[in-house]
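Undergrad: Below is upload26.txt; it holds compact mmCIF, C-alpha atoms and all ligand atoms.
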# COMPACT_ATOMS: atom_id res chain seq x y z
CA MET A 1 -5.97 -22.43 18.41
CA SER A 2 -6.19 -26.15 18.99
CA HIS A 3 -9.82 -25.70 20.14
CA LEU A 4 -10.82 -24.62 16.63
CA ASP A 5 -12.84 -27.21 14.76
CA GLN A 6 -11.53 -28.44 11.43
CA ALA A 7 -14.23 -26.65 9.40
CA THR A 8 -13.28 -23.29 10.92
CA ARG A 9 -9.57 -23.92 10.37
CA ASP A 10 -10.19 -24.90 6.75
CA GLY A 11 -12.40 -21.85 6.11
CA VAL A 12 -9.83 -19.47 7.56
CA LYS A 13 -7.00 -21.11 5.64
CA ARG A 14 -8.99 -20.97 2.41
CA ALA A 15 -9.45 -17.20 2.78
CA LEU A 16 -5.79 -16.68 3.72
CA ARG A 17 -4.64 -18.72 0.76
CA GLU A 18 -6.39 -16.28 -1.59
CA GLN A 19 -5.05 -13.16 0.11
CA ARG A 20 -2.79 -10.93 -2.02
CA ILE A 21 -0.35 -8.32 -0.71
CA GLU A 22 1.57 -6.02 -3.06
CA THR A 23 5.09 -4.94 -2.14
CA PRO A 24 6.60 -1.56 -3.18
CA SER A 25 9.73 -1.44 -5.35
CA TRP A 26 11.10 1.47 -3.30
CA ALA A 27 11.12 -0.52 -0.06
CA TYR A 28 13.89 -2.73 -1.46
CA ALA A 29 16.20 0.23 -2.12
CA ASN A 30 18.23 2.37 0.27
CA SER A 31 16.17 4.87 2.21
CA GLY A 32 16.39 7.06 5.26
CA THR A 33 15.17 10.37 6.55
CA ARG A 34 16.05 13.89 5.47
CA PHE A 35 18.90 13.60 7.97
CA LYS A 36 20.67 10.54 6.57
CA VAL A 37 20.28 7.65 4.20
CA PHE A 38 22.06 4.57 5.52
CA ALA A 39 23.39 2.45 2.69
CA GLN A 40 22.93 -1.30 3.02
CA GLN A 41 24.89 -3.95 1.20
CA GLY A 42 23.32 -5.84 -1.67
CA VAL A 43 20.46 -3.45 -2.33
CA PRO A 44 19.11 -3.30 -5.89
CA ARG A 45 20.84 -1.10 -8.45
CA ASP A 46 17.92 -0.88 -10.85
CA PRO A 47 14.24 -1.78 -11.19
CA TYR A 48 15.08 -5.29 -12.43
CA GLU A 49 16.92 -6.07 -9.21
CA LYS A 50 14.06 -4.66 -7.11
CA ILE A 51 11.73 -7.04 -8.91
CA ALA A 52 14.11 -9.93 -8.29
CA ASP A 53 13.95 -9.16 -4.55
CA ALA A 54 10.16 -8.87 -4.64
CA ALA A 55 10.06 -12.29 -6.30
CA VAL A 56 12.06 -13.72 -3.38
CA VAL A 57 9.47 -12.33 -0.95
CA HIS A 58 6.70 -13.94 -3.00
CA ARG A 59 8.48 -17.29 -3.25
CA LEU A 60 8.87 -17.40 0.54
CA THR A 61 5.42 -16.11 1.55
CA GLY A 62 3.24 -17.26 -1.35
CA VAL A 63 0.96 -14.22 -1.05
CA ALA A 64 2.92 -11.30 -2.56
CA PRO A 65 2.70 -11.86 -6.33
CA THR A 66 2.85 -8.22 -7.46
CA VAL A 67 5.25 -5.32 -7.05
CA ALA A 68 4.33 -1.64 -7.34
CA LEU A 69 6.50 0.73 -9.38
CA HIS A 70 7.22 4.41 -8.76
CA ILE A 71 7.93 6.59 -11.78
CA PRO A 72 10.52 8.08 -12.36
CA TRP A 73 12.32 6.08 -9.64
CA ASP A 74 11.72 2.95 -11.73
CA ARG A 75 12.06 4.48 -15.16
CA VAL A 76 13.26 2.06 -17.86
CA ASP A 77 13.37 2.20 -21.65
CA ASP A 78 11.15 -0.79 -22.20
CA TYR A 79 8.33 -1.43 -19.71
CA ALA A 80 7.04 -4.46 -21.60
CA ASP A 81 10.49 -5.99 -21.12
CA LEU A 82 10.35 -5.19 -17.39
CA ALA A 83 6.93 -6.85 -17.18
CA LYS A 84 8.30 -9.88 -19.02
CA TYR A 85 11.22 -10.06 -16.59
CA ALA A 86 8.78 -9.90 -13.66
CA SER A 87 6.74 -12.71 -15.12
CA ASP A 88 9.89 -14.83 -15.64
CA GLN A 89 10.61 -14.28 -11.93
CA GLY A 90 7.10 -15.43 -10.99
CA VAL A 91 5.60 -12.04 -10.15
CA ALA A 92 3.71 -9.29 -11.99
CA LEU A 93 3.90 -5.51 -12.00
CA GLY A 94 1.24 -3.86 -9.87
CA ALA A 95 0.21 -0.26 -9.31
CA ILE A 96 2.03 2.52 -11.12
CA ASN A 97 2.78 5.31 -8.64
CA SER A 98 3.15 8.73 -10.19
CA ASN A 99 5.65 11.24 -8.87
CA VAL A 100 4.95 14.94 -9.27
CA PHE A 101 6.77 15.97 -6.12
CA GLN A 102 10.48 15.86 -6.90
CA ASP A 103 11.07 18.56 -9.43
CA ASP A 104 11.98 22.20 -8.87
CA ASP A 105 9.01 23.19 -11.02
CA TYR A 106 6.67 21.80 -8.35
CA LYS A 107 7.72 24.19 -5.60
CA LEU A 108 4.26 25.79 -5.58
CA GLY A 109 2.41 22.63 -6.52
CA SER A 110 2.00 20.28 -9.46
CA VAL A 111 -1.55 19.89 -10.78
CA THR A 112 -2.75 22.75 -8.55
CA ASN A 113 0.14 25.09 -9.39
CA PRO A 114 -1.00 28.61 -10.31
CA ASP A 115 1.20 28.41 -13.46
CA PRO A 116 -0.57 26.56 -16.31
CA ARG A 117 2.79 25.49 -17.78
CA VAL A 118 3.67 23.58 -14.63
CA ARG A 119 0.19 22.07 -14.47
CA ARG A 120 0.60 20.86 -18.05
CA LYS A 121 3.94 19.26 -17.21
CA ALA A 122 2.42 17.47 -14.18
CA ILE A 123 -0.61 16.23 -16.13
CA ASP A 124 1.66 15.02 -18.93
CA HIS A 125 3.57 12.93 -16.38
CA LEU A 126 0.32 11.39 -15.13
CA LEU A 127 -0.66 10.59 -18.72
CA GLU A 128 2.78 9.06 -19.26
CA CYS A 129 2.06 6.81 -16.27
CA VAL A 130 -1.14 5.58 -17.93
CA GLY A 131 0.95 4.79 -21.00
CA ILE A 132 3.27 2.75 -18.78
CA MET A 133 0.24 0.90 -17.40
CA ASP A 134 -0.73 0.03 -20.98
CA ALA A 135 2.73 -1.51 -21.47
CA THR A 136 2.93 -3.34 -18.13
CA GLY A 137 -0.68 -4.48 -17.92
CA SER A 138 -1.06 -2.70 -14.57
CA ARG A 139 -4.61 -2.00 -13.48
CA ASP A 140 -4.02 0.87 -11.08
CA LEU A 141 -2.66 4.41 -11.36
CA LYS A 142 -1.90 5.67 -7.86
CA LEU A 143 -1.88 9.42 -7.37
CA TRP A 144 -0.46 11.25 -4.43
CA PHE A 145 0.03 15.01 -4.58
CA SER A 146 2.34 16.93 -2.29
CA ASP A 147 0.44 20.05 -3.39
CA GLY A 148 -0.56 22.64 -0.84
CA THR A 149 0.52 25.94 0.66
CA ASN A 150 2.62 26.97 3.62
CA TYR A 151 1.16 30.38 4.38
CA PRO A 152 -2.33 31.84 4.68
CA GLY A 153 -3.07 33.85 1.56
CA GLN A 154 -0.33 32.14 -0.45
CA ASP A 155 -2.84 30.89 -3.03
CA ASP A 156 -6.59 30.58 -3.53
CA ILE A 157 -7.80 27.41 -1.80
CA ARG A 158 -10.87 26.99 -4.01
CA ALA A 159 -9.04 27.73 -7.25
CA ARG A 160 -6.58 24.99 -6.37
CA GLN A 161 -9.48 22.55 -5.97
CA ASP A 162 -10.74 23.58 -9.42
CA ARG A 163 -7.30 22.97 -10.95
CA LEU A 164 -7.09 19.60 -9.21
CA ALA A 165 -10.51 18.56 -10.52
CA GLU A 166 -9.58 19.60 -14.04
CA ALA A 167 -6.33 17.61 -13.99
CA LEU A 168 -7.95 14.52 -12.51
CA SER A 169 -10.70 14.65 -15.08
CA GLU A 170 -8.24 14.77 -17.99
CA VAL A 171 -6.31 11.79 -16.64
CA TYR A 172 -9.48 9.86 -15.81
CA GLY A 173 -10.60 10.36 -19.40
CA ARG A 174 -7.38 8.72 -20.61
CA LEU A 175 -7.94 5.49 -18.62
CA GLY A 176 -8.85 2.52 -20.72
CA GLY A 177 -10.63 -0.79 -20.16
CA GLU A 178 -10.29 -2.00 -16.62
CA GLN A 179 -7.80 0.68 -15.55
CA ARG A 180 -8.51 2.56 -12.32
CA MET A 181 -7.37 5.77 -10.70
CA LEU A 182 -6.49 5.54 -7.00
CA LEU A 183 -6.41 8.87 -5.17
CA GLU A 184 -4.35 9.02 -1.99
CA TYR A 185 -4.79 11.66 0.70
CA LYS A 186 -2.40 12.86 3.36
CA LEU A 187 -3.06 15.17 6.27
CA PHE A 188 0.03 17.33 5.85
CA GLU A 189 3.66 17.29 4.68
CA PRO A 190 5.39 18.66 2.76
CA ALA A 191 2.81 21.47 2.76
CA PHE A 192 2.00 22.69 6.25
CA TYR A 193 -0.81 25.26 6.02
CA THR A 194 -3.18 23.77 3.44
CA THR A 195 -2.90 20.46 1.65
CA ASP A 196 -4.99 20.06 -1.50
CA VAL A 197 -5.97 16.42 -0.80
CA PRO A 198 -5.70 16.29 3.00
CA ASP A 199 -8.32 13.70 3.93
CA TRP A 200 -10.58 10.89 2.77
CA GLY A 201 -13.55 13.25 2.37
CA THR A 202 -11.73 15.41 -0.18
CA ALA A 203 -10.44 12.34 -2.04
CA TYR A 204 -13.92 10.78 -1.98
CA ALA A 205 -15.62 13.92 -3.30
CA HIS A 206 -13.21 14.11 -6.24
CA CYS A 207 -13.67 10.40 -6.95
CA LEU A 208 -17.44 10.82 -6.95
CA GLU A 209 -17.19 13.62 -9.52
CA LEU A 210 -14.94 11.50 -11.73
CA GLY A 211 -16.77 8.20 -11.87
CA PRO A 212 -16.71 4.62 -10.56
CA ARG A 213 -13.15 3.83 -11.61
CA ALA A 214 -11.82 6.57 -9.32
CA GLN A 215 -11.26 5.09 -5.88
CA VAL A 216 -9.75 6.24 -2.59
CA VAL A 217 -6.43 4.93 -1.21
CA ILE A 218 -6.00 4.78 2.54
CA ASP A 219 -2.37 5.13 3.53
CA THR A 220 -2.47 4.16 7.20
CA GLY A 221 0.30 6.64 8.09
CA HIS A 222 -1.49 9.69 6.70
CA HIS A 223 -3.87 10.58 9.51
CA ALA A 224 -3.98 12.75 12.60
CA PRO A 225 -3.15 10.90 15.83
CA GLY A 226 -6.21 9.16 17.20
CA THR A 227 -8.07 9.01 13.87
CA ASN A 228 -10.39 6.02 13.70
CA ILE A 229 -9.15 4.51 10.44
CA GLU A 230 -11.52 1.53 10.54
CA PHE A 231 -14.44 3.96 10.45
CA ILE A 232 -13.06 5.39 7.20
CA VAL A 233 -12.64 1.84 5.89
CA ALA A 234 -16.24 0.95 6.78
CA PHE A 235 -17.61 4.16 5.26
CA LEU A 236 -15.74 3.83 1.97
CA LEU A 237 -16.60 0.14 1.71
CA ARG A 238 -20.27 1.00 2.10
CA GLN A 239 -19.93 3.56 -0.71
CA GLY A 240 -17.98 1.17 -2.94
CA ARG A 241 -15.06 3.62 -3.09
CA LEU A 242 -12.27 1.90 -1.21
CA GLY A 243 -9.71 1.10 -3.90
CA ALA A 244 -6.55 0.31 -1.98
CA PHE A 245 -4.41 0.48 1.11
CA ASP A 246 -0.89 1.74 1.52
CA PHE A 247 -0.01 -0.17 4.69
CA ASN A 248 2.65 0.99 7.12
CA SER A 249 2.91 1.95 10.79
CA ARG A 250 3.28 5.26 12.50
CA PHE A 251 4.01 6.54 15.95
CA TYR A 252 3.99 10.24 15.09
CA ALA A 253 3.26 11.10 11.44
CA ASP A 254 4.19 9.49 8.13
CA ASP A 255 6.76 7.19 9.74
CA ASP A 256 6.54 4.42 7.10
CA LEU A 257 7.50 1.72 9.61
CA MET A 258 6.58 -1.95 9.15
CA VAL A 259 2.82 -2.46 9.07
CA GLY A 260 1.48 -4.00 12.27
CA SER A 261 4.55 -3.04 14.28
CA ALA A 262 3.29 0.05 16.12
CA ASP A 263 -0.37 -0.83 16.56
CA PRO A 264 -1.28 -4.40 15.56
CA PHE A 265 -4.71 -3.97 17.18
CA GLN A 266 -5.54 -1.16 14.74
CA LEU A 267 -4.54 -3.38 11.85
CA PHE A 268 -6.83 -6.12 13.21
CA ARG A 269 -9.73 -3.65 13.47
CA ILE A 270 -9.14 -2.56 9.87
CA MET A 271 -9.02 -6.16 8.65
CA HIS A 272 -12.17 -6.94 10.63
CA GLU A 273 -14.06 -4.35 8.54
CA ILE A 274 -12.61 -5.87 5.38
CA VAL A 275 -13.59 -9.41 6.36
CA ARG A 276 -17.02 -8.28 7.50
CA ALA A 277 -17.62 -6.77 4.03
CA ASP A 278 -16.25 -9.93 2.35
CA ALA A 279 -13.76 -7.61 0.65
CA LEU A 280 -10.63 -9.72 1.14
CA ARG A 281 -11.10 -11.67 -2.08
CA PRO A 282 -8.94 -10.34 -4.94
CA GLU A 283 -12.06 -10.20 -7.16
CA TYR A 284 -13.53 -7.57 -4.84
CA GLY A 285 -10.87 -5.23 -6.19
CA ILE A 286 -9.11 -3.77 -3.16
CA ALA A 287 -5.35 -3.58 -3.61
CA PHE A 288 -3.59 -4.35 -0.32
CA MET A 289 -0.24 -2.67 -0.78
CA LEU A 290 2.68 -1.91 1.49
CA ASP A 291 4.19 1.59 1.39
CA GLN A 292 7.17 1.43 3.68
CA CYS A 293 10.80 2.38 4.10
CA HIS A 294 13.29 0.15 5.86
CA ASN A 295 15.83 2.67 6.99
CA ILE A 296 17.77 0.78 9.65
CA GLU A 297 16.58 -2.83 9.37
CA PRO A 298 17.49 -5.34 6.64
CA LYS A 299 14.99 -4.85 3.87
CA ILE A 300 13.90 -8.22 2.50
CA PRO A 301 13.26 -9.81 5.92
CA ALA A 302 11.45 -6.61 7.01
CA ILE A 303 9.15 -6.90 4.02
CA ILE A 304 8.56 -10.60 4.76
CA ARG A 305 7.79 -9.65 8.38
CA SER A 306 5.32 -7.01 7.13
CA VAL A 307 3.53 -9.50 4.90
CA MET A 308 3.32 -11.88 7.87
CA ASN A 309 1.93 -9.10 10.07
CA VAL A 310 -0.86 -8.45 7.58
CA GLN A 311 -1.57 -12.18 7.43
CA GLU A 312 -1.72 -12.44 11.22
CA ALA A 313 -4.15 -9.51 11.53
CA THR A 314 -6.25 -11.01 8.75
CA ALA A 315 -6.29 -14.47 10.35
CA LYS A 316 -7.50 -12.98 13.63
CA ALA A 317 -10.18 -11.00 11.79
CA LEU A 318 -11.29 -14.20 10.07
CA LEU A 319 -11.64 -15.84 13.49
CA VAL A 320 -14.22 -13.32 14.70
CA ASP A 321 -17.40 -15.27 15.39
CA GLY A 322 -19.76 -13.24 13.19
CA THR A 323 -22.92 -14.98 14.42
CA ALA A 324 -22.10 -14.42 18.08
CA LEU A 325 -21.09 -10.83 17.34
CA ALA A 326 -24.33 -10.04 15.50
CA ALA A 327 -26.39 -11.65 18.28
CA ALA A 328 -24.61 -9.64 20.97
CA GLN A 329 -25.02 -6.45 18.95
CA ARG A 330 -28.76 -7.09 18.41
CA ALA A 331 -29.21 -7.77 22.11
CA GLY A 332 -27.39 -4.58 23.04
CA ASP A 333 -24.84 -6.70 24.90
CA VAL A 334 -21.98 -4.21 24.89
CA LEU A 335 -19.52 -6.31 26.87
CA GLY A 336 -20.46 -9.51 25.04
CA ALA A 337 -19.94 -7.94 21.61
CA ASN A 338 -16.61 -6.48 22.63
CA ALA A 339 -15.55 -9.85 24.07
CA VAL A 340 -16.23 -11.58 20.74
CA LEU A 341 -13.78 -9.24 19.02
CA MET A 342 -11.20 -9.42 21.79
CA ASP A 343 -11.32 -13.23 21.85
CA ALA A 344 -10.41 -13.34 18.18
CA TYR A 345 -7.68 -10.75 18.63
CA ALA A 346 -6.18 -12.74 21.51
CA ALA A 347 -5.85 -15.93 19.44
CA ASP A 348 -2.33 -17.02 18.56
CA VAL A 349 -2.69 -17.57 14.82
CA ARG A 350 0.96 -18.30 14.13
CA PRO A 351 0.54 -22.10 14.19
CA LEU A 352 -2.37 -21.82 11.74
CA LEU A 353 -0.28 -19.68 9.38
CA ALA A 354 2.62 -22.11 9.65
CA GLU A 355 0.19 -24.88 8.71
CA LEU A 356 -1.06 -22.81 5.75
CA ARG A 357 2.50 -22.34 4.49
CA ALA A 358 3.19 -26.06 4.82
CA ASP A 359 -0.03 -26.72 2.83
CA LEU A 360 1.33 -24.39 0.12
CA GLY A 361 4.63 -26.26 0.06
CA LEU A 362 6.45 -23.37 1.72
CA ASP A 363 8.75 -23.22 4.71
CA PRO A 364 6.55 -22.49 7.77
CA ASP A 365 9.08 -19.85 8.87
CA PRO A 366 9.77 -17.58 5.85
CA ILE A 367 12.31 -15.38 7.64
CA ALA A 368 14.41 -18.35 8.73
CA ALA A 369 14.10 -19.75 5.21
CA TYR A 370 15.35 -16.43 3.81
CA ARG A 371 18.33 -16.43 6.18
CA ARG A 372 19.21 -19.99 5.17
CA SER A 373 18.74 -19.33 1.47
CA GLY A 374 22.07 -17.55 0.98
CA TYR A 375 20.30 -14.85 -1.07
CA LEU A 376 21.69 -11.99 1.03
CA GLU A 377 25.24 -13.29 0.59
CA LYS A 378 24.65 -13.65 -3.14
CA ILE A 379 23.33 -10.10 -3.68
CA THR A 380 25.95 -8.64 -1.38
CA ALA A 381 28.65 -10.19 -3.56
CA GLU A 382 26.99 -9.34 -6.86
CA ARG A 383 25.59 -5.87 -6.34
CA VAL A 384 27.91 -3.01 -5.64
CA GLY A 385 26.62 0.56 -5.18
CA GLY A 386 22.91 -0.07 -4.63
CA GLN A 387 20.24 2.46 -5.47
CA GLN A 388 18.57 4.99 -3.23
CA ALA A 389 14.80 4.61 -3.04
CA GLY A 390 14.25 8.05 -4.51
CA TRP A 391 13.76 10.39 -1.59
CA GLY A 392 16.43 13.05 -1.86
CA ALA A 393 17.98 11.16 -4.78
C1 LIG B 401 3.51 9.97 0.31
C2 LIG B 401 3.46 8.51 -0.03
C3 LIG B 401 2.88 8.28 -1.42
C4 LIG B 401 4.15 8.23 -2.24
C5 LIG B 401 4.99 7.34 -1.32
C6 LIG B 401 6.42 7.15 -1.67
O1 LIG B 401 3.85 10.17 1.65
O2 LIG B 401 2.76 7.79 0.94
O3 LIG B 401 2.19 7.06 -1.50
O4 LIG B 401 3.98 7.76 -3.51
O5 LIG B 401 4.78 7.96 -0.06
MN MN B 402 1.49 6.13 0.44
MN MN B 403 3.33 8.40 2.94
As structure tokens, how would this structure be written, given the file I've shared?
Ligand code: LRH
Ligand code: MN
Ligand code: MN

TA:
Amino acid sequence: MSHLDQATRDGVKRALREQRIETPSWAYANSGTRFKVFAQQGVPRDPYEKIADAAVVHRLTGVAPTVALHIPWDRVDDYADLAKYASDQGVALGAINSNVFQDDDYKLGSVTNPDPRVRRKAIDHLLECVGIMDATGSRDLKLWFSDGTNYPGQDDIRARQDRLAEALSEVYGRLGGEQRMLLEYKLFEPAFYTTDVPDWGTAYAHCLELGPRAQVVIDTGHHAPGTNIEFIVAFLLRQGRLGAFDFNSRFYADDDLMVGSADPFQLFRIMHEIVRADALRPEYGIAFMLDQCHNIEPKIPAIIRSVMNVQEATAKALLVDGTALAAAQRAGDVLGANAVLMDAYAADVRPLLAELRADLGLDPDPIAAYRRSGYLEKITAERVGGQQAGWGA
């Protein structure tokens, strides 16, 4: 890194300084698998305490100023009061995640359920979430549907698409001002035969029908093994339909491990497409969110680590020599072009990020700063009987 000239260092630091990463309220709470939830000491007991923890992550990293909510996991009586509390803590409320997957009524689906009564209930929940956005000032409604079928013949695949389109259209019509709808896809699980929004193409087609404020969410854990996610990123960027990321890491399926832990090279390739499109800037409109569960590791430091992993991948992407890359590509220099990318990926950007944090008046090592802060000891003493994230709650 020392070979970098000052102008390059300053340019990279300027871009990193503007980067924004949203953390999920549910990552601060107890979580596990369907086999066991391991309780940790000091975890939040309510949405206010989750926000307090998110504020700690922001204070230590400087780049995580918003926290996403999940309804009903984060249901409160007064959302304006929750937003005010967040602001007092130095953060803001981010995306509102709807939840139409944890109710007995949704056994055969929510918005695609063959029973119109269940569909009405699901749509009403989505509309309630828009109402919450009005109160919190959140821009984004994030929709993920567990809807699908387990057996061939169980339901009519095309009719389910019609029901989905109808529901989305009603909710889209309720959005006001700058509000957006973010549609998330997932290959499979919990449905195993058909899933109603299984891939980016299905999500994209529905967004196109709805209008420009319907955008696709890429959850990095929601693909088949070997899927080229950066291709999806590049395609959606070109179409102006990439609304957000749910970052996490996977080895097998929807593992929800810390982003950048399983395949940091993939994260770099994704961030390279973002940088190449100049889409890192918050004004561009992409929400860079984490969607993770910290089942066995301490939560706040794991979230700090995740934020740092995104920063490291981004810093490497910013170091790609765009001029040299374009020249090699034009010349058909396959090895040369690949070497430009690999050179940037091989750079150790940790000193540059430490320098950035010092510039921002932060400790260059946020995890060490967290350990020294005494926050864990404080919440362990104060909070007894912390909350489960929501899965299986
Ligand atoms: C579904 C998902 C979706 C949910 C979250 C808790 O697997 O990725 O984003 O809202 O997990
Ligand atoms: Mn997700
Ligand atoms: Mn997921």

Undergrad: Report the closest atom pair, with its distance in Å rounded to one decimal, for each residue of chain A that has an atom no farther than 6 Å from ligand MN 402 (chain B); count all atoms listed in the file, sort by chain and then rising residue number, and write it as JSON lines.

TA:
{"residue": "A:Asp219", "atom": "CA", "partner": "B:MN402", "partner_atom": "MN", "distance": 5.0}
{"residue": "A:Asp246", "atom": "CA", "partner": "B:MN402", "partner_atom": "MN", "distance": 5.1}
{"residue": "A:Asp291", "atom": "CA", "partner": "B:MN402", "partner_atom": "MN", "distance": 5.4}

Undergrad: Anything within 7 Å of (4.3, 11.6, -14.9): list those residues as JSON, numbers by chain, counting all atoms listed in the file and sticking to the file's coordinates.

TA: {"A": [71, 98, 99, 100, 122, 123, 124, 125, 126, 127, 128, 129]}

Undergrad: Restricting it to C-alpha atoms, dump the selection as a PDB file, in the frame of the given file.

TA:
ATOM      1  CA  ILE A  71       7.930   6.590 -11.780  1.00  0.00           C
ATOM      2  CA  SER A  98       3.150   8.730 -10.190  1.00  0.00           C
ATOM      3  CA  ASN A  99       5.650  11.240  -8.870  1.00  0.00           C
ATOM      4  CA  VAL A 100       4.950  14.940  -9.270  1.00  0.00           C
ATOM      5  CA  ALA A 122       2.420  17.470 -14.180  1.00  0.00           C
ATOM      6  CA  ILE A 123      -0.610  16.230 -16.130  1.00  0.00           C
ATOM      7  CA  ASP A 124       1.660  15.020 -18.930  1.00  0.00           C
ATOM      8  CA  HIS A 125       3.570  12.930 -16.380  1.00  0.00           C
ATOM      9  CA  LEU A 126       0.320  11.390 -15.130  1.00  0.00           C
ATOM     10  CA  LEU A 127      -0.660  10.590 -18.720  1.00  0.00           C
ATOM     11  CA  GLU A 128       2.780   9.060 -19.260  1.00  0.00           C
ATOM     12  CA  CYS A 129       2.060   6.810 -16.270  1.00  0.00           C
TER      13      CYS A 129
END

Undergrad: Identify, on the basis of all atoms listed in the file, every residue whose closest approach to Asp5 in chain A does not exceed 12 Å; exclude the query and any residue fewer than 6 positions from it along the same chain; express the result as a list in words.

TA: Gly11, Val12 and Leu319 of chain A

Undergrad: Residues within 9 Å of Leu242 in chain A, please, as a compact mmCIF listing (two decimals) with C-alpha atoms, in the frame of the given file. Count all atoms listed in the file; anything in the same chain fewer than 3 positions from it doesn't count.

TA:
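After the write, part-v8.txt holds the following:
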# COMPACT_ATOMS: atom_id res chain seq x y z
CA LEU A 182 -6.49 5.54 -7.00
CA GLN A 215 -11.26 5.09 -5.88
CA VAL A 216 -9.75 6.24 -2.59
CA VAL A 217 -6.43 4.93 -1.21
CA ILE A 218 -6.00 4.78 2.54
CA VAL A 233 -12.64 1.84 5.89
CA ALA A 234 -16.24 0.95 6.78
CA PHE A 235 -17.61 4.16 5.26
CA LEU A 236 -15.74 3.83 1.97
CA LEU A 237 -16.60 0.14 1.71
CA ARG A 238 -20.27 1.00 2.10
CA GLN A 239 -19.93 3.56 -0.71
CA PHE A 245 -4.41 0.48 1.11
CA GLY A 285 -10.87 -5.23 -6.19
CA ILE A 286 -9.11 -3.77 -3.16

Undergrad: Considering all atoms listed in the file, tabulate each residue of chain A that lies at most 9 Å from ligand LIG 401 (chain B) along with its nearest interatomic pair and the corresponding distance in Å to one decimal; arrange the rows by chain and ascending residue number and present them as CSV.

TA:
residue,atom,partner,partner_atom,distance
A:Pro24,CA,B:LIG401,C6,8.8
A:Trp26,CA,B:LIG401,C6,7.5
A:His70,CA,B:LIG401,O4,7.0
A:Asn97,CA,B:LIG401,O4,5.8
A:Ser98,CA,B:LIG401,O4,6.8
A:Asn99,CA,B:LIG401,O4,6.6
A:Lys142,CA,B:LIG401,O4,7.6
A:Leu143,CA,B:LIG401,O4,7.2
A:Trp144,CA,B:LIG401,C3,5.4
A:Phe145,CA,B:LIG401,C1,7.8
A:Ser146,CA,B:LIG401,C1,7.5
A:Glu184,CA,B:LIG401,O3,6.8
A:Tyr185,CA,B:LIG401,C1,8.5
A:Lys186,CA,B:LIG401,O1,7.0
A:Glu189,CA,B:LIG401,O1,7.7
A:Pro190,CA,B:LIG401,O1,8.7
A:Val217,CA,B:LIG401,O3,8.9
A:Asp219,CA,B:LIG401,O2,6.3
A:Thr220,CA,B:LIG401,O2,8.9
A:Gly221,CA,B:LIG401,O2,7.6
A:His222,CA,B:LIG401,O1,7.4
A:Asp246,CA,B:LIG401,O3,6.8
A:Asp254,CA,B:LIG401,O1,6.5
A:Asp256,CA,B:LIG401,O2,8.0
A:Asp291,CA,B:LIG401,O2,6.4
A:Gln292,CA,B:LIG401,C6,7.9
A:Cys293,CA,B:LIG401,C6,8.7
A:Ala389,CA,B:LIG401,C6,8.9
A:Gly390,CA,B:LIG401,C6,8.4
A:Trp391,CA,B:LIG401,C6,8.0

Undergrad: Find, counting all atoms listed in the file, the residue in A:Asp255, A:Asp134, A:Asp115, A:Asp278 that gets nearest to ligand MN 403 (chain B).

TA: A:Asp255

Undergrad: Distance CA of Gly90 in chain A-CA of Ile300 in chain A, one decimal place?

TA: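 These atoms are spaced 16.7 Å apart.
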
Undergrad: Calculated over all atoms listed in the file, which of the candidates A:Asp74, A:Glu312, A:Asp196, A:Asp162 has the smallest distance to Ile96 in chain A?

TA: A:Asp74

Undergrad: Of the candidates A:Asn338, A:Ser249, A:Asn309, A:Gln19, which one gets nearest to ligand MN 403 (chain B) if we count all atoms listed in the file?

TA: A:Ser249

Undergrad: Since the input lacks some atoms of range 154-162 of chain A, please model N, CA and C atoms and print them as a JSON list (two decimals), in the frame of the given file.

TA:
[["chain", "number", "residue", "atom", "x", "y", "z"],
["A", 154, "GLN", "N", -1.32, 32.47, 0.58],
["A", 154, "GLN", "CA", -0.33, 32.14, -0.45],
["A", 154, "GLN", "C", -1.00, 31.86, -1.80],
["A", 155, "ASP", "N", -2.12, 31.16, -1.78],
["A", 155, "ASP", "CA", -2.84, 30.89, -3.03],
["A", 155, "ASP", "C", -4.32, 30.71, -2.68],
["A", 156, "ASP", "N", -5.14, 30.66, -3.71],
["A", 156, "ASP", "CA", -6.59, 30.58, -3.53],
["A", 156, "ASP", "C", -6.99, 29.10, -3.32],
["A", 157, "ILE", "N", -7.50, 28.80, -2.15],
["A", 157, "ILE", "CA", -7.80, 27.41, -1.80],
["A", 157, "ILE", "C", -8.80, 26.80, -2.78],
["A", 158, "ARG", "N", -9.85, 27.54, -3.11],
["A", 158, "ARG", "CA", -10.87, 26.99, -4.01],
["A", 158, "ARG", "C", -10.37, 26.86, -5.44],
["A", 159, "ALA", "N", -9.59, 27.82, -5.88],
["A", 159, "ALA", "CA", -9.04, 27.73, -7.25],
["A", 159, "ALA", "C", -8.16, 26.50, -7.38],
["A", 160, "ARG", "N", -7.45, 26.18, -6.32],
["A", 160, "ARG", "CA", -6.58, 24.99, -6.37],
["A", 160, "ARG", "C", -7.43, 23.73, -6.49],
["A", 161, "GLN", "N", -8.59, 23.71, -5.83],
["A", 161, "GLN", "CA", -9.48, 22.55, -5.97],
["A", 161, "GLN", "C", -9.99, 22.43, -7.42],
["A", 162, "ASP", "N", -10.28, 23.60, -8.02],
["A", 162, "ASP", "CA", -10.74, 23.58, -9.42],
["A", 162, "ASP", "C", -9.65, 23.01, -10.34]]
